[in-house]
2 protein chains.
Amino acid sequence: MTMFELDPRLAADTENIGMLGLSRVLLMRDARYPWLILVPAQPNLVEISDLSAADQTLLMTEITAVGEALADLYQPEKINTGALGNIVRQLHVHIVARNTGDPAWPGPVWGHSAAVAYDEAALQTRLQEIKKTLGIA
Amino acid sequence: MTMFELDPRLAADTENIGMLGLSRVLLMRDARYPWLILVPAQPNLVEISDLSAADQTLLMTEITAVGEALADLYQPEKINTGALGNIVRQLHVHIVARNTGDPAWPGPVWGHSAAVAYDEAALQTRLQEIKKTLGIA
């Protein structure tokens with residue numbers, strides 16, 4: 001039996017927030033954007049269609065919940081949602097809070113420019129507020 | 001009562017393919033990528049969370065169906081799915097067939113470079129094969 005293992009590149013670029021029903025929630029280590037990633041915690045997923053129909057619905061529920069959490073916390077102008085996977089093939093969905101004047105605006109954040117590290121206090125604050133809003137212990 | 005009207009910018013950049021249960025299906029006029037757009041045909045939608053829970057599920061079903069249609073027709077290396085809306089706010093979901101060596105690879109197609117027009121015969125072929133695969137009359 002194959003177990004789910006987080007892709008090492010995703011692990012290297014993110015902080016772990018916790019689990020929702022289907023997906024692991026990660027915070028991208030880029031202080032410029034509130035940027036979360038959902039990774040459905042099943043082995044061998046590449047495309048959304050690799051999930052069962054029920055899990056596709058659950059993924060959509062989690063995408064919406066995470067987008068609403070970012071909207072509630074940070075009042076962004078727009079939520080951007082994307083499942084690309086051209087570089088990291090393990091199925092993962094980006095959910096990013098965007099604003100006029102952010103570094104990549106109005107283009108996509110993916111591939112735009114190198115991440116800017118959080119300072120440790122800001123990172124801990126962000127992790128805690130997101131956990132609390134998503135109801136993750 | 002407000003009626004659904006397709007954003008004029010989306011209309012200008014695309015060819016109409018037809019309706020699925022929830023969404024209008026559009027083909028981006030860019031011969032470099034098989035690139036479809038789903039636009040849920042309800043007024044005043046901006047974020048996915050503006051849809052009812054049932055319609056969010058239906059949208060996910062349509063995203064998967066369109067991605068699988070592109071995969072069946074064109075055998076791409078990866079399907080890219082994205083709902084950005086930084087420029088056009090009307091809720092719309094891009095589903096793009098991507099391959100190593102395509103102009104934007106491995107970055108996102110959005111904002112990368114100007115579209116390349118289809119020649120008319122290739123456009124008609126593409127529209128017909130997509131309609132047939134999606135079961136749109």
# chains A, B, ... in the order shown; residues from 1 in each chain; ligands from 1
$ select_by_dssp --residues "segment 18-124 of chain B" --states "alpha helix (DSSP H)" --output "PyMOL selection string"
chain B and resi 53-74+120-124
$ interface_residues --of "chain A" --to "chain B" --cutoff "9 Å" --atoms "only C-alpha atoms" --output "MDAnalysis selection string"
chainID A and resid 46:49 53 56:61 63:65 67:68 77:87 89 98:100 105:108 110:112
$ write_last_selection --atoms "N, CA, C and O atoms" --output "compact mmCIF listing (two decimals), in the first residue's frame"
# COMPACT_ATOMS: atom_id res chain seq x y z
N VAL A 46 -2.36 13.60 -9.31
CA VAL A 46 -1.75 14.63 -10.17
C VAL A 46 -2.80 15.63 -10.62
O VAL A 46 -2.64 16.83 -10.44
N GLU A 47 -3.88 15.14 -11.19
CA GLU A 47 -4.96 16.03 -11.66
C GLU A 47 -6.13 15.96 -10.68
O GLU A 47 -6.31 14.96 -9.97
N ILE A 48 -6.96 17.00 -10.68
CA ILE A 48 -8.15 17.02 -9.83
C ILE A 48 -9.01 15.79 -10.13
O ILE A 48 -9.61 15.20 -9.22
N SER A 49 -9.05 15.39 -11.40
CA SER A 49 -9.87 14.24 -11.79
C SER A 49 -9.34 12.92 -11.25
O SER A 49 -10.03 11.89 -11.37
N ALA A 53 -15.29 11.44 -7.13
CA ALA A 53 -16.25 12.54 -7.25
C ALA A 53 -16.55 13.15 -5.87
O ALA A 53 -16.63 14.37 -5.72
N GLN A 56 -13.66 15.26 -4.90
CA GLN A 56 -13.63 16.51 -5.67
C GLN A 56 -14.55 17.54 -5.02
O GLN A 56 -14.20 18.72 -4.91
N THR A 57 -15.72 17.09 -4.61
CA THR A 57 -16.65 17.99 -3.92
C THR A 57 -16.05 18.49 -2.62
O THR A 57 -16.14 19.69 -2.29
N LEU A 58 -15.42 17.58 -1.89
CA LEU A 58 -14.79 17.98 -0.62
C LEU A 58 -13.66 18.98 -0.88
O LEU A 58 -13.51 19.97 -0.15
N LEU A 59 -12.89 18.75 -1.93
CA LEU A 59 -11.82 19.70 -2.27
C LEU A 59 -12.41 21.07 -2.57
O LEU A 59 -11.89 22.09 -2.10
N MET A 60 -13.52 21.11 -3.31
CA MET A 60 -14.14 22.40 -3.59
C MET A 60 -14.59 23.09 -2.31
O MET A 60 -14.42 24.30 -2.14
N THR A 61 -15.15 22.30 -1.39
CA THR A 61 -15.55 22.86 -0.09
C THR A 61 -14.36 23.46 0.64
O THR A 61 -14.44 24.55 1.23
N ILE A 63 -11.49 24.48 -0.76
CA ILE A 63 -11.03 25.66 -1.51
C ILE A 63 -11.84 26.88 -1.10
O ILE A 63 -11.30 27.96 -0.86
N THR A 64 -13.15 26.71 -1.02
CA THR A 64 -14.02 27.83 -0.66
C THR A 64 -13.78 28.27 0.78
O THR A 64 -13.69 29.46 1.07
N ALA A 65 -13.65 27.31 1.67
CA ALA A 65 -13.43 27.64 3.08
C ALA A 65 -12.11 28.40 3.27
O ALA A 65 -12.04 29.38 4.02
N GLY A 67 -10.48 30.13 0.93
CA GLY A 67 -10.61 31.45 0.31
C GLY A 67 -11.39 32.41 1.20
O GLY A 67 -11.02 33.59 1.34
N GLU A 68 -12.45 31.91 1.83
CA GLU A 68 -13.23 32.78 2.72
C GLU A 68 -12.43 33.13 3.98
O GLU A 68 -12.56 34.25 4.49
N GLU A 77 -8.45 42.27 -2.27
CA GLU A 77 -9.28 42.70 -3.40
C GLU A 77 -9.80 41.48 -4.16
O GLU A 77 -10.93 41.49 -4.68
N LYS A 78 -8.99 40.43 -4.23
CA LYS A 78 -9.38 39.25 -5.02
C LYS A 78 -8.68 38.03 -4.46
O LYS A 78 -7.52 38.13 -4.03
N ILE A 79 -9.39 36.92 -4.49
CA ILE A 79 -8.77 35.62 -4.20
C ILE A 79 -8.36 35.00 -5.53
O ILE A 79 -9.15 34.98 -6.47
N ASN A 80 -7.13 34.51 -5.60
CA ASN A 80 -6.69 33.76 -6.79
C ASN A 80 -6.57 32.30 -6.40
O ASN A 80 -5.93 31.96 -5.39
N THR A 81 -7.13 31.43 -7.23
CA THR A 81 -7.10 29.99 -6.98
C THR A 81 -6.47 29.30 -8.18
O THR A 81 -6.86 29.60 -9.32
N GLY A 82 -5.50 28.44 -7.96
CA GLY A 82 -4.88 27.79 -9.10
C GLY A 82 -4.31 26.43 -8.78
O GLY A 82 -3.69 26.22 -7.73
N ALA A 83 -4.55 25.50 -9.70
CA ALA A 83 -3.92 24.17 -9.64
C ALA A 83 -3.10 24.05 -10.92
O ALA A 83 -3.69 23.84 -12.00
N LEU A 84 -1.80 24.22 -10.82
CA LEU A 84 -0.95 24.20 -12.01
C LEU A 84 -0.20 22.87 -12.06
O LEU A 84 -0.54 22.00 -12.84
N GLY A 85 0.85 22.74 -11.27
CA GLY A 85 1.54 21.46 -11.21
C GLY A 85 2.53 21.23 -12.33
O GLY A 85 2.93 20.10 -12.57
N ASN A 86 2.93 22.29 -13.03
CA ASN A 86 3.90 22.10 -14.10
C ASN A 86 5.28 21.76 -13.54
O ASN A 86 6.05 21.07 -14.20
N ILE A 87 5.56 22.24 -12.35
CA ILE A 87 6.87 21.99 -11.73
C ILE A 87 6.75 20.86 -10.70
O ILE A 87 7.45 19.86 -10.79
N ARG A 89 4.43 17.95 -9.50
CA ARG A 89 3.28 17.23 -10.05
C ARG A 89 2.25 16.79 -9.01
O ARG A 89 1.11 16.52 -9.33
N ARG A 98 -4.94 38.59 -3.00
CA ARG A 98 -4.28 39.54 -3.90
C ARG A 98 -4.84 40.95 -3.74
O ARG A 98 -6.02 41.13 -3.43
N ASN A 99 -3.98 41.92 -4.00
CA ASN A 99 -4.37 43.32 -3.91
C ASN A 99 -3.69 44.14 -4.99
O ASN A 99 -2.54 43.85 -5.36
N THR A 100 -4.36 45.17 -5.46
CA THR A 100 -3.76 46.14 -6.36
C THR A 100 -2.44 46.60 -5.75
O THR A 100 -2.39 46.97 -4.57
N TRP A 105 0.81 41.94 -9.14
CA TRP A 105 -0.49 42.45 -9.59
C TRP A 105 -0.40 43.09 -10.97
O TRP A 105 0.53 43.85 -11.19
N PRO A 106 -1.34 42.90 -11.91
CA PRO A 106 -2.49 42.00 -11.81
C PRO A 106 -2.19 40.61 -12.35
O PRO A 106 -3.08 39.82 -12.56
N GLY A 107 -0.92 40.32 -12.59
CA GLY A 107 -0.55 38.99 -13.10
C GLY A 107 -0.59 37.94 -12.01
O GLY A 107 -0.86 38.25 -10.85
N PRO A 108 -0.32 36.69 -12.39
CA PRO A 108 -0.30 35.61 -11.39
C PRO A 108 0.96 35.66 -10.52
O PRO A 108 2.00 36.18 -10.95
N TRP A 110 2.52 32.96 -9.51
CA TRP A 110 3.36 31.80 -9.79
C TRP A 110 4.45 32.17 -10.77
O TRP A 110 4.17 32.67 -11.88
N GLY A 111 5.70 31.91 -10.37
CA GLY A 111 6.83 32.19 -11.25
C GLY A 111 7.18 33.66 -11.37
O GLY A 111 8.03 34.03 -12.16
N HIS A 112 6.55 34.52 -10.58
CA HIS A 112 6.77 35.97 -10.77
C HIS A 112 8.13 36.42 -10.25
O HIS A 112 8.87 37.09 -10.94
$ select_by_dssp --residues "segment 18-80 of chain B" --states "strand (DSSP E)" --output "short mmCIF file (atom, residue, chain, number, x, y, z; two decimals) with N, CA, C and O atoms, in the first residue's frame"
data_model
loop_
_atom_site.label_atom_id
_atom_site.label_comp_id
_atom_site.auth_asym_id
_atom_site.auth_seq_id
_atom_site.Cartn_x
_atom_site.Cartn_y
_atom_site.Cartn_z
N GLY B 18 -20.54 26.75 -25.94
CA GLY B 18 -21.92 26.37 -25.59
C GLY B 18 -22.08 26.30 -24.09
O GLY B 18 -21.23 26.75 -23.34
N MET B 19 -23.20 25.73 -23.66
CA MET B 19 -23.53 25.67 -22.23
C MET B 19 -23.36 24.26 -21.68
O MET B 19 -23.76 23.29 -22.30
N SER B 23 -22.33 26.37 -16.49
CA SER B 23 -21.37 27.34 -17.05
C SER B 23 -21.43 27.42 -18.56
O SER B 23 -21.64 26.42 -19.25
N ARG B 24 -21.18 28.64 -19.04
CA ARG B 24 -20.88 28.81 -20.44
C ARG B 24 -19.43 28.37 -20.67
O ARG B 24 -18.56 28.60 -19.84
N VAL B 25 -19.18 27.70 -21.79
CA VAL B 25 -17.84 27.24 -22.14
C VAL B 25 -17.31 28.10 -23.29
O VAL B 25 -17.99 28.24 -24.32
N LEU B 26 -16.13 28.65 -23.11
CA LEU B 26 -15.52 29.52 -24.11
C LEU B 26 -14.16 28.95 -24.49
O LEU B 26 -13.47 28.35 -23.66
N LEU B 27 -13.77 29.18 -25.74
CA LEU B 27 -12.41 28.83 -26.19
C LEU B 27 -11.60 30.11 -26.31
O LEU B 27 -12.01 31.04 -27.03
N MET B 28 -10.47 30.18 -25.61
CA MET B 28 -9.59 31.34 -25.75
C MET B 28 -9.03 31.35 -27.17
O MET B 28 -8.56 30.32 -27.66
N TRP B 35 -7.24 25.94 -24.69
CA TRP B 35 -7.47 26.78 -23.50
C TRP B 35 -8.96 27.10 -23.43
O TRP B 35 -9.47 27.85 -24.28
N LEU B 36 -9.63 26.52 -22.47
CA LEU B 36 -11.07 26.74 -22.30
C LEU B 36 -11.32 27.56 -21.04
O LEU B 36 -10.49 27.59 -20.12
N ILE B 37 -12.46 28.23 -21.03
CA ILE B 37 -12.87 29.04 -19.88
C ILE B 37 -14.31 28.68 -19.55
O ILE B 37 -15.17 28.63 -20.44
N LEU B 38 -14.56 28.41 -18.28
CA LEU B 38 -15.92 28.18 -17.78
C LEU B 38 -16.39 29.46 -17.09
O LEU B 38 -15.69 29.99 -16.22
N VAL B 39 -17.58 29.90 -17.45
CA VAL B 39 -18.17 31.09 -16.81
C VAL B 39 -19.55 30.69 -16.28
O VAL B 39 -20.50 30.53 -17.05
N PRO B 40 -19.66 30.47 -14.96
CA PRO B 40 -20.98 30.15 -14.41
C PRO B 40 -21.97 31.25 -14.79
O PRO B 40 -21.69 32.44 -14.56
N LYS B 78 0.14 18.33 -18.70
CA LYS B 78 -0.50 18.78 -17.46
C LYS B 78 -1.68 19.66 -17.81
O LYS B 78 -1.63 20.41 -18.78
N ILE B 79 -2.72 19.55 -17.00
CA ILE B 79 -3.84 20.49 -17.06
C ILE B 79 -3.57 21.58 -16.03
O ILE B 79 -3.24 21.28 -14.88
N ASN B 80 -3.72 22.83 -16.43
CA ASN B 80 -3.65 23.96 -15.48
C ASN B 80 -5.05 24.52 -15.31
O ASN B 80 -5.73 24.81 -16.29
#
$ closest_residue --among "B:Asp7, B:Asn44, B:Lys131, B:Asp55" --to "Leu22 of chain B" --atoms "only C-alpha atoms"
B:Asp55
$ residues_around --residues "Leu123 of chain B" --least-positions-apart "2" --cutoff "12 Å" --atoms "only C-alpha atoms" --output "JSON list (two decimals) with all heavy atoms, in the first residue's frame"
[["chain", "number", "residue", "atom", "x", "y", "z"],
["B", 14, "THR", "N", -12.58, 35.41, -26.82],
["B", 14, "THR", "CA", -12.94, 33.99, -26.90],
["B", 14, "THR", "C", -13.95, 33.71, -28.01],
["B", 14, "THR", "O", -14.58, 34.61, -28.55],
["B", 14, "THR", "CB", -13.58, 33.52, -25.57],
["B", 14, "THR", "OG1", -14.80, 34.25, -25.35],
["B", 14, "THR", "CG2", -12.65, 33.70, -24.38],
["B", 15, "GLU", "N", -14.09, 32.43, -28.31],
["B", 15, "GLU", "CA", -15.17, 31.90, -29.14],
["B", 15, "GLU", "C", -16.14, 31.15, -28.23],
["B", 15, "GLU", "O", -15.70, 30.43, -27.33],
["B", 15, "GLU", "CB", -14.63, 30.90, -30.16],
["B", 15, "GLU", "CG", -13.69, 31.49, -31.19],
["B", 15, "GLU", "CD", -14.43, 32.27, -32.26],
["B", 15, "GLU", "OE1", -15.59, 31.92, -32.58],
["B", 15, "GLU", "OE2", -13.83, 33.23, -32.79],
["B", 16, "ASN", "N", -17.41, 31.28, -28.49],
["B", 16, "ASN", "CA", -18.41, 30.58, -27.70],
["B", 16, "ASN", "C", -18.47, 29.10, -28.10],
["B", 16, "ASN", "O", -18.52, 28.78, -29.29],
["B", 16, "ASN", "CB", -19.78, 31.22, -27.91],
["B", 16, "ASN", "CG", -20.84, 30.62, -26.99],
["B", 16, "ASN", "OD1", -20.62, 30.53, -25.79],
["B", 16, "ASN", "ND2", -21.95, 30.20, -27.57],
["B", 17, "ILE", "N", -18.47, 28.22, -27.14],
["B", 17, "ILE", "CA", -18.63, 26.79, -27.42],
["B", 17, "ILE", "C", -20.03, 26.32, -27.07],
["B", 17, "ILE", "O", -20.65, 25.59, -27.83],
["B", 17, "ILE", "CB", -17.54, 25.98, -26.69],
["B", 17, "ILE", "CG1", -16.19, 26.27, -27.38],
["B", 17, "ILE", "CG2", -17.87, 24.50, -26.69],
["B", 17, "ILE", "CD1", -15.04, 25.44, -26.90],
["B", 27, "LEU", "N", -13.77, 29.18, -25.74],
["B", 27, "LEU", "CA", -12.41, 28.83, -26.19],
["B", 27, "LEU", "C", -11.60, 30.11, -26.31],
["B", 27, "LEU", "O", -12.01, 31.04, -27.03],
["B", 27, "LEU", "CB", -12.45, 28.14, -27.56],
["B", 27, "LEU", "CG", -11.07, 27.86, -28.20],
["B", 27, "LEU", "CD1", -10.37, 26.70, -27.50],
["B", 27, "LEU", "CD2", -11.20, 27.59, -29.70],
["B", 28, "MET", "N", -10.47, 30.18, -25.61],
["B", 28, "MET", "CA", -9.59, 31.34, -25.75],
["B", 28, "MET", "C", -9.03, 31.35, -27.17],
["B", 28, "MET", "O", -8.56, 30.32, -27.66],
["B", 28, "MET", "CB", -8.46, 31.25, -24.72],
["B", 28, "MET", "CG", -7.53, 32.45, -24.73],
["B", 28, "MET", "SD", -8.29, 34.00, -24.18],
["B", 28, "MET", "CE", -7.99, 33.90, -22.41],
["B", 29, "ARG", "N", -9.05, 32.54, -27.79],
["B", 29, "ARG", "CA", -8.50, 32.67, -29.14],
["B", 29, "ARG", "C", -6.99, 32.79, -29.08],
["B", 29, "ARG", "O", -6.42, 33.85, -29.31],
["B", 29, "ARG", "CB", -9.06, 33.94, -29.81],
["B", 29, "ARG", "CG", -10.46, 33.80, -30.34],
["B", 29, "ARG", "CD", -10.71, 34.78, -31.47],
["B", 29, "ARG", "NE", -12.15, 34.98, -31.64],
["B", 29, "ARG", "CZ", -12.85, 35.93, -31.02],
["B", 29, "ARG", "NH1", -12.26, 36.80, -30.22],
["B", 29, "ARG", "NH2", -14.14, 36.03, -31.24],
["B", 30, "ASP", "N", -6.36, 31.66, -28.75],
["B", 30, "ASP", "CA", -4.90, 31.59, -28.71],
["B", 30, "ASP", "C", -4.51, 30.19, -29.18],
["B", 30, "ASP", "O", -4.67, 29.21, -28.45],
["B", 30, "ASP", "CB", -4.39, 31.87, -27.29],
["B", 30, "ASP", "CG", -2.87, 32.03, -27.25],
["B", 30, "ASP", "OD1", -2.18, 31.48, -28.14],
["B", 30, "ASP", "OD2", -2.37, 32.70, -26.33],
["B", 31, "ALA", "N", -4.00, 30.14, -30.40],
["B", 31, "ALA", "CA", -3.73, 28.85, -31.05],
["B", 31, "ALA", "C", -2.59, 28.09, -30.37],
["B", 31, "ALA", "O", -2.39, 26.91, -30.65],
["B", 31, "ALA", "CB", -3.39, 29.08, -32.52],
["B", 32, "ARG", "N", -1.87, 28.73, -29.45],
["B", 32, "ARG", "CA", -0.70, 28.09, -28.84],
["B", 32, "ARG", "C", -1.07, 27.08, -27.77],
["B", 32, "ARG", "O", -0.24, 26.22, -27.42],
["B", 32, "ARG", "CB", 0.22, 29.16, -28.25],
["B", 32, "ARG", "CG", 0.69, 30.16, -29.31],
["B", 32, "ARG", "CD", 1.47, 31.29, -28.67],
["B", 32, "ARG", "NE", 0.68, 31.99, -27.68],
["B", 32, "ARG", "CZ", 1.18, 32.88, -26.81],
["B", 32, "ARG", "NH1", 2.46, 33.15, -26.83],
["B", 32, "ARG", "NH2", 0.40, 33.49, -25.94],
["B", 33, "TYR", "N", -2.28, 27.22, -27.22],
["B", 33, "TYR", "CA", -2.70, 26.32, -26.13],
["B", 33, "TYR", "C", -4.17, 25.95, -26.31],
["B", 33, "TYR", "O", -4.99, 26.84, -26.51],
["B", 33, "TYR", "CB", -2.62, 27.03, -24.77],
["B", 33, "TYR", "CG", -1.40, 27.85, -24.50],
["B", 33, "TYR", "CD1", -1.41, 29.22, -24.74],
["B", 33, "TYR", "CD2", -0.25, 27.27, -23.97],
["B", 33, "TYR", "CE1", -0.29, 30.00, -24.45],
["B", 33, "TYR", "CE2", 0.87, 28.04, -23.68],
["B", 33, "TYR", "CZ", 0.85, 29.41, -23.93],
["B", 33, "TYR", "OH", 1.95, 30.18, -23.65],
["B", 34, "PRO", "N", -4.52, 24.68, -26.18],
["B", 34, "PRO", "CA", -5.95, 24.35, -26.02],
["B", 34, "PRO", "C", -6.37, 24.92, -24.66],
["B", 34, "PRO", "O", -5.86, 24.50, -23.61],
["B", 34, "PRO", "CB", -5.96, 22.82, -26.03],
["B", 34, "PRO", "CG", -4.67, 22.41, -26.68],
["B", 34, "PRO", "CD", -3.69, 23.47, -26.26],
["B", 116, "VAL", "N", -1.75, 34.23, -30.03],
["B", 116, "VAL", "CA", -1.51, 34.01, -31.46],
["B", 116, "VAL", "C", -2.82, 33.51, -32.05],
["B", 116, "VAL", "O", -3.38, 32.52, -31.56],
["B", 116, "VAL", "CB", -0.39, 32.97, -31.66],
["B", 116, "VAL", "CG1", -0.27, 32.58, -33.13],
["B", 116, "VAL", "CG2", 0.94, 33.52, -31.13],
["B", 117, "ALA", "N", -3.29, 34.18, -33.07],
["B", 117, "ALA", "CA", -4.60, 33.84, -33.65],
["B", 117, "ALA", "C", -4.59, 32.45, -34.28],
["B", 117, "ALA", "O", -3.57, 32.00, -34.81],
["B", 117, "ALA", "CB", -4.99, 34.88, -34.69],
["B", 118, "TYR", "N", -5.73, 31.78, -34.21],
["B", 118, "TYR", "CA", -5.95, 30.56, -34.98],
["B", 118, "TYR", "C", -6.13, 30.91, -36.46],
["B", 118, "TYR", "O", -6.70, 31.98, -36.77],
["B", 118, "TYR", "CB", -7.27, 29.90, -34.55],
["B", 118, "TYR", "CG", -7.23, 29.09, -33.28],
["B", 118, "TYR", "CD1", -7.58, 29.65, -32.06],
["B", 118, "TYR", "CD2", -6.89, 27.74, -33.32],
["B", 118, "TYR", "CE1", -7.59, 28.89, -30.89],
["B", 118, "TYR", "CE2", -6.90, 26.97, -32.14],
["B", 118, "TYR", "CZ", -7.24, 27.55, -30.94],
["B", 118, "TYR", "OH", -7.25, 26.80, -29.80],
["B", 119, "ASP", "N", -5.72, 30.05, -37.36],
["B", 119, "ASP", "CA", -6.28, 30.22, -38.71],
["B", 119, "ASP", "C", -7.68, 29.62, -38.68],
["B", 119, "ASP", "O", -8.02, 28.80, -37.82],
["B", 119, "ASP", "CB", -5.36, 29.68, -39.82],
["B", 119, "ASP", "CG", -5.32, 28.18, -39.90],
["B", 119, "ASP", "OD1", -6.39, 27.53, -39.86],
["B", 119, "ASP", "OD2", -4.21, 27.65, -40.00],
["B", 120, "GLU", "N", -8.50, 30.06, -39.59],
["B", 120, "GLU", "CA", -9.94, 29.79, -39.51],
["B", 120, "GLU", "C", -10.25, 28.28, -39.54],
["B", 120, "GLU", "O", -11.10, 27.80, -38.78],
["B", 120, "GLU", "CB", -10.68, 30.51, -40.65],
["B", 120, "GLU", "CG", -12.19, 30.46, -40.57],
["B", 120, "GLU", "CD", -12.79, 31.04, -39.27],
["B", 120, "GLU", "OE1", -12.15, 31.93, -38.64],
["B", 120, "GLU", "OE2", -13.88, 30.58, -38.87],
["B", 121, "ALA", "N", -9.54, 27.54, -40.36],
["B", 121, "ALA", "CA", -9.81, 26.10, -40.44],
["B", 121, "ALA", "C", -9.45, 25.41, -39.13],
["B", 121, "ALA", "O", -10.21, 24.56, -38.62],
["B", 121, "ALA", "CB", -9.03, 25.48, -41.61],
["B", 125, "THR", "N", -12.02, 23.40, -36.60],
["B", 125, "THR", "CA", -11.72, 22.03, -36.18],
["B", 125, "THR", "C", -11.71, 21.92, -34.66],
["B", 125, "THR", "O", -12.32, 21.02, -34.08],
["B", 125, "THR", "CB", -10.35, 21.58, -36.74],
["B", 125, "THR", "OG1", -10.41, 21.64, -38.16],
["B", 125, "THR", "CG2", -9.99, 20.18, -36.28],
["B", 126, "ARG", "N", -11.03, 22.86, -34.04],
["B", 126, "ARG", "CA", -10.92, 22.81, -32.57],
["B", 126, "ARG", "C", -12.30, 22.98, -31.93],
["B", 126, "ARG", "O", -12.65, 22.25, -31.00],
["B", 126, "ARG", "CB", -9.95, 23.89, -32.08],
["B", 126, "ARG", "CG", -9.76, 23.85, -30.58],
["B", 126, "ARG", "CD", -8.36, 24.20, -30.14],
["B", 126, "ARG", "NE", -7.40, 23.15, -30.48],
["B", 126, "ARG", "CZ", -6.09, 23.23, -30.25],
["B", 126, "ARG", "NH1", -5.58, 24.31, -29.71],
["B", 126, "ARG", "NH2", -5.30, 22.23, -30.56],
["B", 127, "LEU", "N", -13.07, 23.94, -32.39],
["B", 127, "LEU", "CA", -14.41, 24.13, -31.82],
["B", 127, "LEU", "C", -15.25, 22.87, -31.95],
["B", 127, "LEU", "O", -15.92, 22.45, -31.01],
["B", 127, "LEU", "CB", -15.11, 25.31, -32.51],
["B", 127, "LEU", "CG", -14.53, 26.70, -32.21],
["B", 127, "LEU", "CD1", -15.14, 27.74, -33.16],
["B", 127, "LEU", "CD2", -14.77, 27.10, -30.75],
["B", 128, "GLN", "N", -15.19, 22.25, -33.12],
["B", 128, "GLN", "CA", -16.02, 21.07, -33.35],
["B", 128, "GLN", "C", -15.58, 19.90, -32.49],
["B", 128, "GLN", "O", -16.41, 19.18, -31.92],
["B", 128, "GLN", "CB", -16.02, 20.68, -34.84],
["B", 128, "GLN", "CG", -16.78, 21.65, -35.73],
["B", 128, "GLN", "CD", -18.15, 22.05, -35.18],
["B", 128, "GLN", "OE1", -18.94, 21.18, -34.78],
["B", 128, "GLN", "NE2", -18.44, 23.35, -35.13],
["B", 129, "GLU", "N", -14.28, 19.69, -32.38],
["B", 129, "GLU", "CA", -13.82, 18.52, -31.60],
["B", 129, "GLU", "C", -14.11, 18.71, -30.12],
["B", 129, "GLU", "O", -14.45, 17.76, -29.41],
["B", 129, "GLU", "CB", -12.34, 18.18, -31.90],
["B", 129, "GLU", "CG", -11.33, 19.21, -31.51],
["B", 129, "GLU", "CD", -9.96, 19.03, -32.23],
["B", 129, "GLU", "OE1", -9.82, 18.20, -33.14],
["B", 129, "GLU", "OE2", -9.02, 19.78, -31.86],
["B", 130, "ILE", "N", -14.04, 19.94, -29.64],
["B", 130, "ILE", "CA", -14.35, 20.19, -28.23],
["B", 130, "ILE", "C", -15.85, 20.04, -27.98],
["B", 130, "ILE", "O", -16.26, 19.40, -27.01],
["B", 130, "ILE", "CB", -13.83, 21.57, -27.79],
["B", 130, "ILE", "CG1", -12.29, 21.56, -27.78],
["B", 130, "ILE", "CG2", -14.37, 21.94, -26.42],
["B", 130, "ILE", "CD1", -11.66, 22.93, -27.63]]
$ residues_around --residues "Gln75 of chain B" --least-positions-apart "4" --cutoff "9 Å" --atoms "only C-alpha atoms" --output "PyMOL selection string"
chain B and resi 70-71+97
